[in-house]
>>> print(open('final18.txt').read())   # compact mmCIF, N, CA and C atoms
# COMPACT_ATOMS: atom_id res chain seq x y z
N MET A 1 27.37 18.46 -27.41
CA MET A 1 26.90 19.00 -26.15
C MET A 1 25.87 18.02 -25.55
N SER A 2 26.06 17.67 -24.30
CA SER A 2 25.12 16.73 -23.68
C SER A 2 24.11 17.49 -22.82
N ILE A 3 23.00 16.84 -22.63
CA ILE A 3 21.93 17.47 -21.84
C ILE A 3 22.31 17.50 -20.36
N ASP A 4 21.73 18.42 -19.64
CA ASP A 4 21.87 18.50 -18.19
C ASP A 4 20.68 17.74 -17.61
N ARG A 5 20.91 16.50 -17.24
CA ARG A 5 19.83 15.60 -16.79
C ARG A 5 19.10 16.17 -15.58
N ALA A 6 19.84 16.69 -14.61
CA ALA A 6 19.21 17.24 -13.41
C ALA A 6 18.31 18.42 -13.74
N ARG A 7 18.78 19.29 -14.64
CA ARG A 7 17.98 20.45 -15.04
C ARG A 7 16.72 20.00 -15.78
N LEU A 8 16.89 19.02 -16.67
CA LEU A 8 15.74 18.49 -17.42
C LEU A 8 14.70 17.88 -16.48
N GLU A 9 15.16 17.07 -15.53
CA GLU A 9 14.24 16.46 -14.58
C GLU A 9 13.51 17.53 -13.77
N LYS A 10 14.22 18.56 -13.33
CA LYS A 10 13.60 19.64 -12.57
C LYS A 10 12.52 20.32 -13.41
N GLN A 11 12.82 20.59 -14.68
CA GLN A 11 11.86 21.25 -15.55
C GLN A 11 10.64 20.36 -15.80
N LEU A 12 10.86 19.07 -16.02
CA LEU A 12 9.72 18.16 -16.22
C LEU A 12 8.85 18.08 -14.97
N ARG A 13 9.46 18.07 -13.81
CA ARG A 13 8.68 18.06 -12.56
C ARG A 13 7.84 19.33 -12.42
N ILE A 14 8.41 20.45 -12.85
CA ILE A 14 7.65 21.71 -12.80
C ILE A 14 6.51 21.67 -13.80
N ASP A 15 6.81 21.27 -15.03
CA ASP A 15 5.81 21.29 -16.10
C ASP A 15 4.74 20.21 -15.94
N GLU A 16 5.15 19.03 -15.57
CA GLU A 16 4.22 17.90 -15.46
C GLU A 16 3.58 17.81 -14.08
N GLY A 17 4.32 18.24 -13.06
CA GLY A 17 3.89 17.97 -11.70
C GLY A 17 4.23 16.53 -11.37
N GLU A 18 3.97 16.14 -10.15
CA GLU A 18 4.21 14.75 -9.74
C GLU A 18 3.06 14.32 -8.87
N ARG A 19 2.39 13.27 -9.31
CA ARG A 19 1.28 12.71 -8.55
C ARG A 19 1.57 11.24 -8.29
N LEU A 20 1.42 10.85 -7.05
CA LEU A 20 1.75 9.49 -6.67
C LEU A 20 0.55 8.55 -6.73
N LYS A 21 -0.58 9.08 -7.13
CA LYS A 21 -1.77 8.26 -7.37
C LYS A 21 -2.25 8.53 -8.79
N PRO A 22 -2.83 7.54 -9.42
CA PRO A 22 -3.27 7.72 -10.82
C PRO A 22 -4.29 8.85 -10.95
N TYR A 23 -4.21 9.52 -12.08
CA TYR A 23 -5.15 10.61 -12.41
C TYR A 23 -5.31 10.66 -13.92
N ARG A 24 -6.28 11.39 -14.38
CA ARG A 24 -6.48 11.60 -15.82
C ARG A 24 -5.83 12.93 -16.20
N CYS A 25 -4.93 12.87 -17.17
CA CYS A 25 -4.28 14.10 -17.63
C CYS A 25 -5.24 14.91 -18.49
N THR A 26 -4.77 16.05 -18.99
CA THR A 26 -5.64 16.90 -19.79
C THR A 26 -6.09 16.23 -21.09
N ALA A 27 -5.35 15.23 -21.55
CA ALA A 27 -5.73 14.47 -22.75
C ALA A 27 -6.62 13.28 -22.39
N GLY A 28 -6.93 13.12 -21.10
CA GLY A 28 -7.82 12.03 -20.69
C GLY A 28 -7.11 10.70 -20.48
N LYS A 29 -5.79 10.70 -20.50
CA LYS A 29 -5.01 9.47 -20.33
C LYS A 29 -4.76 9.20 -18.85
N LEU A 30 -4.84 7.92 -18.47
CA LEU A 30 -4.50 7.55 -17.10
C LEU A 30 -3.01 7.76 -16.92
N THR A 31 -2.65 8.55 -15.90
CA THR A 31 -1.28 9.01 -15.73
C THR A 31 -0.88 8.88 -14.27
N ILE A 32 0.42 8.71 -14.02
CA ILE A 32 0.94 8.65 -12.65
C ILE A 32 2.36 9.19 -12.65
N GLY A 33 2.84 9.54 -11.47
CA GLY A 33 4.22 10.01 -11.33
C GLY A 33 4.42 11.35 -12.01
N VAL A 34 5.50 11.46 -12.75
CA VAL A 34 5.80 12.68 -13.50
C VAL A 34 5.38 12.44 -14.95
N GLY A 35 4.07 12.49 -15.18
CA GLY A 35 3.54 12.39 -16.54
C GLY A 35 3.61 11.02 -17.20
N ARG A 36 3.74 9.94 -16.43
CA ARG A 36 3.79 8.60 -17.05
C ARG A 36 2.40 8.23 -17.55
N ASN A 37 2.27 8.11 -18.86
CA ASN A 37 1.02 7.75 -19.51
C ASN A 37 0.84 6.24 -19.40
N LEU A 38 -0.03 5.82 -18.50
CA LEU A 38 -0.25 4.39 -18.29
C LEU A 38 -1.10 3.78 -19.40
N ASP A 39 -2.00 4.55 -19.98
CA ASP A 39 -2.84 4.01 -21.05
C ASP A 39 -2.01 3.59 -22.25
N ASP A 40 -1.08 4.43 -22.67
CA ASP A 40 -0.30 4.15 -23.88
C ASP A 40 1.03 3.47 -23.60
N ARG A 41 1.67 3.83 -22.51
CA ARG A 41 3.02 3.31 -22.24
C ARG A 41 3.04 2.20 -21.21
N GLY A 42 2.19 2.30 -20.20
CA GLY A 42 2.20 1.30 -19.14
C GLY A 42 3.47 1.36 -18.32
N ILE A 43 3.89 0.22 -17.80
CA ILE A 43 5.14 0.11 -17.05
C ILE A 43 5.91 -1.09 -17.60
N THR A 44 7.18 -1.13 -17.29
CA THR A 44 8.00 -2.26 -17.75
C THR A 44 7.93 -3.39 -16.73
N LYS A 45 8.38 -4.56 -17.12
CA LYS A 45 8.47 -5.68 -16.19
C LYS A 45 9.37 -5.34 -15.02
N GLU A 46 10.45 -4.63 -15.29
CA GLU A 46 11.38 -4.24 -14.23
C GLU A 46 10.69 -3.30 -13.23
N GLU A 47 9.93 -2.35 -13.74
CA GLU A 47 9.20 -1.43 -12.85
C GLU A 47 8.15 -2.19 -12.04
N SER A 48 7.49 -3.12 -12.68
CA SER A 48 6.50 -3.94 -11.98
C SER A 48 7.17 -4.74 -10.87
N ALA A 49 8.36 -5.29 -11.14
CA ALA A 49 9.09 -6.06 -10.14
C ALA A 49 9.49 -5.19 -8.95
N VAL A 50 9.92 -3.95 -9.23
CA VAL A 50 10.29 -3.03 -8.16
C VAL A 50 9.06 -2.71 -7.30
N MET A 51 7.93 -2.47 -7.95
CA MET A 51 6.70 -2.17 -7.21
C MET A 51 6.26 -3.36 -6.37
N LEU A 52 6.33 -4.56 -6.94
CA LEU A 52 5.95 -5.76 -6.20
C LEU A 52 6.86 -5.95 -4.98
N ASP A 53 8.15 -5.78 -5.18
CA ASP A 53 9.08 -5.93 -4.08
C ASP A 53 8.76 -4.94 -2.96
N ARG A 54 8.50 -3.71 -3.32
CA ARG A 54 8.17 -2.69 -2.32
C ARG A 54 6.86 -3.03 -1.59
N ASP A 55 5.87 -3.51 -2.34
CA ASP A 55 4.59 -3.88 -1.73
C ASP A 55 4.76 -5.04 -0.75
N ILE A 56 5.58 -6.02 -1.12
CA ILE A 56 5.85 -7.14 -0.21
C ILE A 56 6.56 -6.65 1.04
N GLN A 57 7.54 -5.76 0.88
CA GLN A 57 8.24 -5.19 2.04
C GLN A 57 7.27 -4.46 2.97
N ASN A 58 6.31 -3.75 2.40
CA ASN A 58 5.30 -3.07 3.20
C ASN A 58 4.43 -4.07 3.96
N CYS A 59 4.06 -5.16 3.31
CA CYS A 59 3.27 -6.21 3.97
C CYS A 59 4.05 -6.81 5.13
N LEU A 60 5.32 -7.09 4.91
CA LEU A 60 6.15 -7.65 5.98
C LEU A 60 6.26 -6.70 7.16
N ALA A 61 6.43 -5.43 6.88
CA ALA A 61 6.54 -4.44 7.96
C ALA A 61 5.22 -4.34 8.72
N ASP A 62 4.10 -4.35 8.01
CA ASP A 62 2.79 -4.29 8.68
C ASP A 62 2.57 -5.50 9.57
N LEU A 63 2.89 -6.68 9.06
CA LEU A 63 2.71 -7.89 9.86
C LEU A 63 3.64 -7.87 11.08
N ALA A 64 4.87 -7.46 10.90
CA ALA A 64 5.81 -7.42 12.02
C ALA A 64 5.34 -6.45 13.10
N PHE A 65 4.71 -5.37 12.70
CA PHE A 65 4.24 -4.38 13.67
C PHE A 65 2.94 -4.82 14.36
N PHE A 66 1.96 -5.26 13.57
CA PHE A 66 0.64 -5.56 14.11
C PHE A 66 0.49 -6.99 14.63
N LEU A 67 1.18 -7.93 14.01
CA LEU A 67 1.06 -9.35 14.39
C LEU A 67 2.45 -9.97 14.49
N PRO A 68 3.28 -9.51 15.41
CA PRO A 68 4.67 -9.99 15.45
C PRO A 68 4.80 -11.49 15.65
N TRP A 69 3.78 -12.12 16.19
CA TRP A 69 3.81 -13.57 16.39
C TRP A 69 3.78 -14.35 15.08
N TYR A 70 3.42 -13.68 13.97
CA TYR A 70 3.32 -14.40 12.70
C TYR A 70 4.64 -15.07 12.31
N LYS A 71 5.76 -14.55 12.81
CA LYS A 71 7.07 -15.12 12.47
C LYS A 71 7.26 -16.50 13.08
N GLN A 72 6.41 -16.87 14.03
CA GLN A 72 6.48 -18.21 14.62
C GLN A 72 5.84 -19.26 13.72
N LEU A 73 5.07 -18.82 12.74
CA LEU A 73 4.44 -19.75 11.79
C LEU A 73 5.49 -20.26 10.81
N ASN A 74 5.19 -21.38 10.19
CA ASN A 74 6.12 -21.86 9.16
C ASN A 74 6.04 -20.95 7.94
N ALA A 75 6.98 -21.10 7.03
CA ALA A 75 7.11 -20.19 5.89
C ALA A 75 5.84 -20.16 5.04
N ALA A 76 5.23 -21.31 4.79
CA ALA A 76 4.03 -21.35 3.94
C ALA A 76 2.89 -20.56 4.58
N ARG A 77 2.69 -20.71 5.88
CA ARG A 77 1.62 -19.96 6.56
C ARG A 77 1.94 -18.46 6.60
N GLN A 78 3.21 -18.12 6.78
CA GLN A 78 3.60 -16.70 6.73
C GLN A 78 3.27 -16.13 5.35
N GLU A 79 3.61 -16.88 4.31
CA GLU A 79 3.35 -16.42 2.94
C GLU A 79 1.86 -16.25 2.70
N ALA A 80 1.04 -17.13 3.26
CA ALA A 80 -0.41 -17.01 3.10
C ALA A 80 -0.92 -15.73 3.77
N LEU A 81 -0.39 -15.42 4.96
CA LEU A 81 -0.79 -14.17 5.62
C LEU A 81 -0.33 -12.96 4.82
N ILE A 82 0.88 -13.02 4.29
CA ILE A 82 1.38 -11.92 3.45
C ILE A 82 0.47 -11.74 2.25
N ASN A 83 0.05 -12.85 1.65
CA ASN A 83 -0.87 -12.81 0.51
C ASN A 83 -2.16 -12.08 0.90
N MET A 84 -2.67 -12.37 2.09
CA MET A 84 -3.90 -11.71 2.54
C MET A 84 -3.68 -10.22 2.77
N VAL A 85 -2.56 -9.85 3.40
CA VAL A 85 -2.27 -8.43 3.62
C VAL A 85 -2.12 -7.73 2.28
N PHE A 86 -1.48 -8.40 1.34
CA PHE A 86 -1.25 -7.82 0.01
C PHE A 86 -2.58 -7.46 -0.65
N THR A 87 -3.57 -8.33 -0.51
CA THR A 87 -4.83 -8.10 -1.21
C THR A 87 -5.79 -7.19 -0.45
N MET A 88 -5.74 -7.21 0.87
CA MET A 88 -6.75 -6.45 1.62
C MET A 88 -6.19 -5.41 2.58
N GLY A 89 -4.91 -5.45 2.84
CA GLY A 89 -4.32 -4.52 3.79
C GLY A 89 -4.37 -5.07 5.21
N ILE A 90 -3.49 -4.56 6.06
CA ILE A 90 -3.37 -5.06 7.42
C ILE A 90 -4.58 -4.74 8.27
N VAL A 91 -5.19 -3.59 8.08
CA VAL A 91 -6.34 -3.21 8.90
C VAL A 91 -7.48 -4.19 8.69
N ARG A 92 -7.76 -4.51 7.45
CA ARG A 92 -8.84 -5.47 7.17
C ARG A 92 -8.47 -6.86 7.67
N LEU A 93 -7.21 -7.26 7.48
CA LEU A 93 -6.79 -8.58 7.97
C LEU A 93 -7.00 -8.68 9.48
N CYS A 94 -6.71 -7.62 10.20
CA CYS A 94 -6.85 -7.65 11.66
C CYS A 94 -8.29 -7.85 12.11
N ARG A 95 -9.24 -7.67 11.21
CA ARG A 95 -10.65 -7.94 11.54
C ARG A 95 -10.97 -9.43 11.53
N PHE A 96 -10.04 -10.26 11.05
CA PHE A 96 -10.21 -11.71 11.03
C PHE A 96 -9.77 -12.25 12.39
N VAL A 97 -10.42 -11.78 13.43
CA VAL A 97 -10.00 -12.06 14.80
C VAL A 97 -9.94 -13.55 15.09
N ASN A 98 -11.00 -14.28 14.78
CA ASN A 98 -11.03 -15.72 15.09
C ASN A 98 -10.00 -16.50 14.29
N MET A 99 -9.82 -16.15 13.03
CA MET A 99 -8.81 -16.82 12.21
C MET A 99 -7.42 -16.56 12.77
N LEU A 100 -7.15 -15.30 13.13
CA LEU A 100 -5.84 -14.95 13.65
C LEU A 100 -5.57 -15.62 14.99
N LEU A 101 -6.58 -15.67 15.86
CA LEU A 101 -6.41 -16.37 17.14
C LEU A 101 -6.12 -17.85 16.92
N ALA A 102 -6.80 -18.44 15.94
CA ALA A 102 -6.57 -19.85 15.63
C ALA A 102 -5.15 -20.06 15.12
N LEU A 103 -4.68 -19.19 14.23
CA LEU A 103 -3.31 -19.30 13.73
C LEU A 103 -2.30 -19.15 14.86
N LYS A 104 -2.53 -18.17 15.70
CA LYS A 104 -1.59 -17.90 16.79
C LYS A 104 -1.49 -19.09 17.74
N SER A 105 -2.62 -19.78 17.95
CA SER A 105 -2.63 -20.92 18.88
C SER A 105 -2.33 -22.25 18.21
N GLY A 106 -2.14 -22.23 16.88
CA GLY A 106 -1.81 -23.48 16.18
C GLY A 106 -3.02 -24.36 15.89
N ASP A 107 -4.21 -23.79 15.94
CA ASP A 107 -5.43 -24.53 15.62
C ASP A 107 -5.69 -24.41 14.13
N TRP A 108 -5.00 -25.25 13.36
CA TRP A 108 -5.00 -25.13 11.90
C TRP A 108 -6.37 -25.37 11.28
N LYS A 109 -7.11 -26.33 11.81
CA LYS A 109 -8.45 -26.61 11.28
C LYS A 109 -9.36 -25.39 11.46
N ARG A 110 -9.31 -24.81 12.64
CA ARG A 110 -10.15 -23.63 12.90
C ARG A 110 -9.70 -22.45 12.03
N ALA A 111 -8.40 -22.27 11.85
CA ALA A 111 -7.91 -21.19 10.99
C ALA A 111 -8.43 -21.37 9.57
N HIS A 112 -8.38 -22.61 9.09
CA HIS A 112 -8.91 -22.95 7.78
C HIS A 112 -10.38 -22.60 7.68
N ASP A 113 -11.16 -23.07 8.65
CA ASP A 113 -12.60 -22.86 8.63
C ASP A 113 -12.97 -21.38 8.74
N GLU A 114 -12.27 -20.66 9.61
CA GLU A 114 -12.55 -19.24 9.78
C GLU A 114 -12.19 -18.44 8.52
N THR A 115 -11.17 -18.85 7.83
CA THR A 115 -10.80 -18.19 6.58
C THR A 115 -11.93 -18.32 5.57
N LEU A 116 -12.45 -19.55 5.46
CA LEU A 116 -13.52 -19.79 4.48
C LEU A 116 -14.86 -19.23 4.93
N ASN A 117 -15.01 -19.02 6.22
CA ASN A 117 -16.25 -18.48 6.77
C ASN A 117 -16.15 -16.96 6.89
N SER A 118 -15.76 -16.31 5.81
CA SER A 118 -15.59 -14.87 5.82
C SER A 118 -16.25 -14.27 4.58
N LYS A 119 -16.63 -13.01 4.70
CA LYS A 119 -17.19 -12.31 3.55
C LYS A 119 -16.17 -12.25 2.42
N TRP A 120 -14.89 -12.09 2.78
CA TRP A 120 -13.83 -12.06 1.78
C TRP A 120 -13.83 -13.33 0.93
N ALA A 121 -13.91 -14.48 1.60
CA ALA A 121 -13.91 -15.76 0.87
C ALA A 121 -15.16 -15.89 0.01
N ARG A 122 -16.30 -15.48 0.56
CA ARG A 122 -17.54 -15.56 -0.22
C ARG A 122 -17.48 -14.64 -1.43
N ASP A 123 -16.92 -13.44 -1.25
CA ASP A 123 -16.78 -12.51 -2.38
C ASP A 123 -15.88 -13.08 -3.46
N LEU A 124 -14.78 -13.69 -3.06
CA LEU A 124 -13.87 -14.28 -4.04
C LEU A 124 -14.54 -15.43 -4.79
N LYS A 125 -15.37 -16.20 -4.09
CA LYS A 125 -16.06 -17.33 -4.72
C LYS A 125 -16.98 -16.84 -5.83
N VAL A 126 -17.62 -15.69 -5.62
CA VAL A 126 -18.50 -15.11 -6.64
C VAL A 126 -17.72 -14.87 -7.93
N PHE A 127 -16.45 -14.49 -7.79
CA PHE A 127 -15.62 -14.22 -8.97
C PHE A 127 -14.82 -15.45 -9.41
N ASN A 128 -15.19 -16.61 -8.90
CA ASN A 128 -14.53 -17.87 -9.24
C ASN A 128 -13.03 -17.84 -8.97
N SER A 129 -12.63 -17.10 -7.94
CA SER A 129 -11.22 -17.04 -7.56
C SER A 129 -10.94 -18.09 -6.48
N PRO A 130 -9.93 -18.92 -6.69
CA PRO A 130 -9.58 -19.93 -5.68
C PRO A 130 -8.68 -19.39 -4.56
N ARG A 131 -8.42 -18.10 -4.54
CA ARG A 131 -7.46 -17.52 -3.60
C ARG A 131 -7.76 -17.89 -2.15
N ALA A 132 -8.97 -17.66 -1.69
CA ALA A 132 -9.32 -17.95 -0.28
C ALA A 132 -9.22 -19.44 0.00
N ILE A 133 -9.66 -20.27 -0.92
CA ILE A 133 -9.59 -21.73 -0.75
C ILE A 133 -8.14 -22.17 -0.63
N ASN A 134 -7.29 -21.62 -1.50
CA ASN A 134 -5.86 -21.97 -1.46
C ASN A 134 -5.21 -21.53 -0.16
N ILE A 135 -5.50 -20.31 0.28
CA ILE A 135 -4.91 -19.80 1.52
C ILE A 135 -5.39 -20.62 2.71
N ALA A 136 -6.68 -20.93 2.74
CA ALA A 136 -7.22 -21.74 3.83
C ALA A 136 -6.54 -23.11 3.87
N LYS A 137 -6.29 -23.68 2.70
CA LYS A 137 -5.61 -24.98 2.63
C LYS A 137 -4.19 -24.88 3.19
N VAL A 138 -3.50 -23.79 2.90
CA VAL A 138 -2.16 -23.58 3.46
C VAL A 138 -2.24 -23.52 4.98
N PHE A 139 -3.21 -22.80 5.52
CA PHE A 139 -3.36 -22.71 6.97
C PHE A 139 -3.60 -24.10 7.57
N LEU A 140 -4.37 -24.91 6.88
CA LEU A 140 -4.69 -26.26 7.37
C LEU A 140 -3.48 -27.19 7.31
N THR A 141 -2.80 -27.21 6.18
CA THR A 141 -1.75 -28.20 5.93
C THR A 141 -0.34 -27.71 6.24
N GLY A 142 -0.14 -26.41 6.18
CA GLY A 142 1.21 -25.88 6.34
C GLY A 142 2.08 -26.07 5.12
N GLU A 143 1.46 -26.53 4.03
CA GLU A 143 2.18 -26.76 2.78
C GLU A 143 1.89 -25.64 1.79
N PRO A 144 2.92 -25.18 1.06
CA PRO A 144 2.68 -24.11 0.10
C PRO A 144 1.81 -24.59 -1.06
N ILE A 145 1.07 -23.68 -1.62
CA ILE A 145 0.23 -24.00 -2.78
C ILE A 145 1.08 -24.11 -4.04
N TYR A 146 2.00 -23.18 -4.20
CA TYR A 146 2.83 -23.15 -5.40
C TYR A 146 4.24 -23.59 -5.05
N ALA A 147 4.72 -24.58 -5.74
CA ALA A 147 6.09 -25.05 -5.52
C ALA A 147 7.06 -24.08 -6.18
N ASN A 148 8.26 -24.01 -5.66
CA ASN A 148 9.29 -23.20 -6.29
C ASN A 148 9.61 -23.79 -7.65
N THR A 149 9.55 -22.95 -8.66
CA THR A 149 9.87 -23.43 -10.02
C THR A 149 10.91 -22.55 -10.66
>>> encode(input="final18.txt", output="structure tokens")
Amino acid sequence: MSIDRARLEKQLRIDEGERLKPYRCTAGKLTIGVGRNLDDRGITKEESAVMLDRDIQNCLADLAFFLPWYKQLNAARQEALINMVFTMGIVRLCRFVNMLLALKSGDWKRAHDETLNSKWARDLKVFNSPRAINIAKVFLTGEPIYANT
């Protein structure tokens, strides 16, 4: 006799509930979804890849809606903007008014300088992260930081 998968899933959803943001279960474990114990089980590489793909799609949609001109940039500069949206969200990125105006007008030096002249870049420097420096370099040169491997 085989299990009724649909019935089982329905029962687990009733018993576990479903939360789309992390929470602590009654045992104190970090949990998400339908009882996924992140502390002990985590996620698989495949699940991580699905989440990353979805997050990138969301970044692309946000950029297309809020900054449709970004598609006129070369691929490396588009990727750098996507990287920024990925880390801070579109609303925060849109506060980089001078950097965005420089990118839109093709003033690569100014885009570079404005990127580095931001609280975000200063905060990253405190944590010894080269992210802002790398992104600013992409804006300046139009060359990707990481080669396809």
>>> atom_distance(input="final18.txt", atom1="atom CA of A:Lys21", atom2="atom CA of A:Gly33")
7.4 Å
>>> residues_near_point(input="final18.txt", point="(-10.9, -26.8, 12.3)", cutoff="12 Å", atoms="only C-alpha atoms", output="list in words")
Asn98, Met99, Ala102, Leu103, Gly106, Asp107, Trp108, Lys109, Arg110, Ala111, His112, Asp113, Glu114, Thr115, Leu116, Asn117, Ala136, Lys137, Phe139, Leu140 and Thr141 of chain A
>>> residues_around(input="final18.txt", residues="A:Ala121", least_positions_apart="5", cutoff="9 Å", atoms="only C-alpha atoms", output="list in words")
Thr115, Leu116, Val126, Ser129, Pro130, Arg131, Ala132 and Ile133 of chain A
>>> closest_residue(input="final18.txt", among="A:Ser118, A:Leu52, A:Arg7, A:Glu18", to="A:Arg92", atoms="only C-alpha atoms")
A:Ser118
>>> atom_distance(input="final18.txt", atom1="atom CA of A:Pro22", atom2="atom CA of A:Trp120")
25.7 Å
>>> axis_aligned_box(input="final18.txt", around="stretch 10-16 of chain A", padding_each_side="8 Å", output="JSON")
{"center_x": 8.9, "center_y": 19.8, "center_z": -14.3, "size_x": 26.6, "size_y": 19.9, "size_z": 19.8}
>>> closest_residue(input="final18.txt", among="A:Ala49, A:Gln57, A:Leu12, A:Asn74", to="A:Gly35", atoms="all atoms listed in the file")
A:Leu12
>>> closest_residue(input="final18.txt", among="A:Phe127, A:Tyr146, A:Phe66, A:Tyr23", to="A:Leu100", atoms="only C-alpha atoms")
A:Phe66
>>> atom_distance(input="final18.txt", atom1="atom N of A:Gln78", atom2="atom CA of A:Arg54")
18.6 Å
>>> closest_residue(input="final18.txt", among="A:Glu46, A:Asp4, A:Glu143, A:Asp15", to="A:Ala75", atoms="only N, CA and C atoms")
A:Glu143
>>> decode(input="final18.txt", residues="stretch 122-146 of chain A", atoms="N, CA and C atoms", output="mmCIF file, in the first residue's frame")
data_model
loop_
_atom_site.group_PDB
_atom_site.id
_atom_site.type_symbol
_atom_site.label_atom_id
_atom_site.label_comp_id
_atom_site.auth_asym_id
_atom_site.auth_seq_id
_atom_site.Cartn_x
_atom_site.Cartn_y
_atom_site.Cartn_z
ATOM 1 N N ARG A 122 31.499 52.638 2.290
ATOM 2 C CA ARG A 122 32.249 52.812 3.542
ATOM 3 C C ARG A 122 31.938 51.684 4.521
ATOM 4 N N ASP A 123 30.664 51.292 4.598
ATOM 5 C CA ASP A 123 30.289 50.187 5.489
ATOM 6 C C ASP A 123 30.961 48.884 5.070
ATOM 7 N N LEU A 124 30.993 48.623 3.778
ATOM 8 C CA LEU A 124 31.641 47.400 3.298
ATOM 9 C C LEU A 124 33.136 47.412 3.597
ATOM 10 N N LYS A 125 33.751 48.585 3.494
ATOM 11 C CA LYS A 125 35.192 48.705 3.760
ATOM 12 C C LYS A 125 35.505 48.323 5.205
ATOM 13 N N VAL A 126 34.608 48.697 6.123
ATOM 14 C CA VAL A 126 34.791 48.350 7.538
ATOM 15 C C VAL A 126 34.885 46.839 7.703
ATOM 16 N N PHE A 127 34.128 46.105 6.890
ATOM 17 C CA PHE A 127 34.132 44.641 6.971
ATOM 18 C C PHE A 127 35.135 44.007 6.007
ATOM 19 N N ASN A 128 36.039 44.820 5.470
ATOM 20 C CA ASN A 128 37.067 44.347 4.546
ATOM 21 C C ASN A 128 36.482 43.639 3.327
ATOM 22 N N SER A 129 35.308 44.078 2.898
ATOM 23 C CA SER A 129 34.684 43.497 1.713
ATOM 24 C C SER A 129 35.057 44.333 0.486
ATOM 25 N N PRO A 130 35.565 43.687 -0.558
ATOM 26 C CA PRO A 130 35.912 44.414 -1.786
ATOM 27 C C PRO A 130 34.721 44.641 -2.718
ATOM 28 N N ARG A 131 33.524 44.295 -2.300
ATOM 29 C CA ARG A 131 32.353 44.339 -3.182
ATOM 30 C C ARG A 131 32.163 45.705 -3.832
ATOM 31 N N ALA A 132 32.133 46.772 -3.054
ATOM 32 C CA ALA A 132 31.904 48.115 -3.614
ATOM 33 C C ALA A 132 33.043 48.518 -4.538
ATOM 34 N N ILE A 133 34.268 48.197 -4.172
ATOM 35 C CA ILE A 133 35.432 48.527 -5.009
ATOM 36 C C ILE A 133 35.333 47.799 -6.341
ATOM 37 N N ASN A 134 34.968 46.522 -6.288
ATOM 38 C CA ASN A 134 34.832 45.734 -7.517
ATOM 39 C C ASN A 134 33.722 46.273 -8.406
ATOM 40 N N ILE A 135 32.581 46.595 -7.818
ATOM 41 C CA ILE A 135 31.457 47.112 -8.597
ATOM 42 C C ILE A 135 31.812 48.460 -9.210
ATOM 43 N N ALA A 136 32.451 49.320 -8.427
ATOM 44 C CA ALA A 136 32.860 50.632 -8.951
ATOM 45 C C ALA A 136 33.825 50.459 -10.126
ATOM 46 N N LYS A 137 34.720 49.491 -10.028
ATOM 47 C CA LYS A 137 35.664 49.228 -11.113
ATOM 48 C C LYS A 137 34.934 48.777 -12.378
ATOM 49 N N VAL A 138 33.905 47.961 -12.215
ATOM 50 C CA VAL A 138 33.101 47.535 -13.370
ATOM 51 C C VAL A 138 32.445 48.752 -14.011
ATOM 52 N N PHE A 139 31.892 49.651 -13.212
ATOM 53 C CA PHE A 139 31.259 50.854 -13.755
ATOM 54 C C PHE A 139 32.275 51.686 -14.533
ATOM 55 N N LEU A 140 33.497 51.755 -14.025
ATOM 56 C CA LEU A 140 34.547 52.547 -14.686
ATOM 57 C C LEU A 140 35.016 51.905 -15.986
ATOM 58 N N THR A 141 35.297 50.621 -15.947
ATOM 59 C CA THR A 141 35.941 49.949 -17.080
ATOM 60 C C THR A 141 34.977 49.248 -18.025
ATOM 61 N N GLY A 142 33.819 48.865 -17.517
ATOM 62 C CA GLY A 142 32.898 48.080 -18.334
ATOM 63 C C GLY A 142 33.309 46.630 -18.471
ATOM 64 N N GLU A 143 34.334 46.241 -17.722
ATOM 65 C CA GLU A 143 34.834 44.863 -17.756
ATOM 66 C C GLU A 143 34.360 44.096 -16.531
ATOM 67 N N PRO A 144 33.964 42.835 -16.715
ATOM 68 C CA PRO A 144 33.511 42.056 -15.566
ATOM 69 C C PRO A 144 34.655 41.773 -14.605
ATOM 70 N N ILE A 145 34.326 41.645 -13.347
ATOM 71 C CA ILE A 145 35.320 41.313 -12.334
ATOM 72 C C ILE A 145 35.688 39.838 -12.407
ATOM 73 N N TYR A 146 34.678 38.997 -12.556
ATOM 74 C CA TYR A 146 34.903 37.557 -12.576
ATOM 75 C C TYR A 146 34.720 37.032 -13.983
#
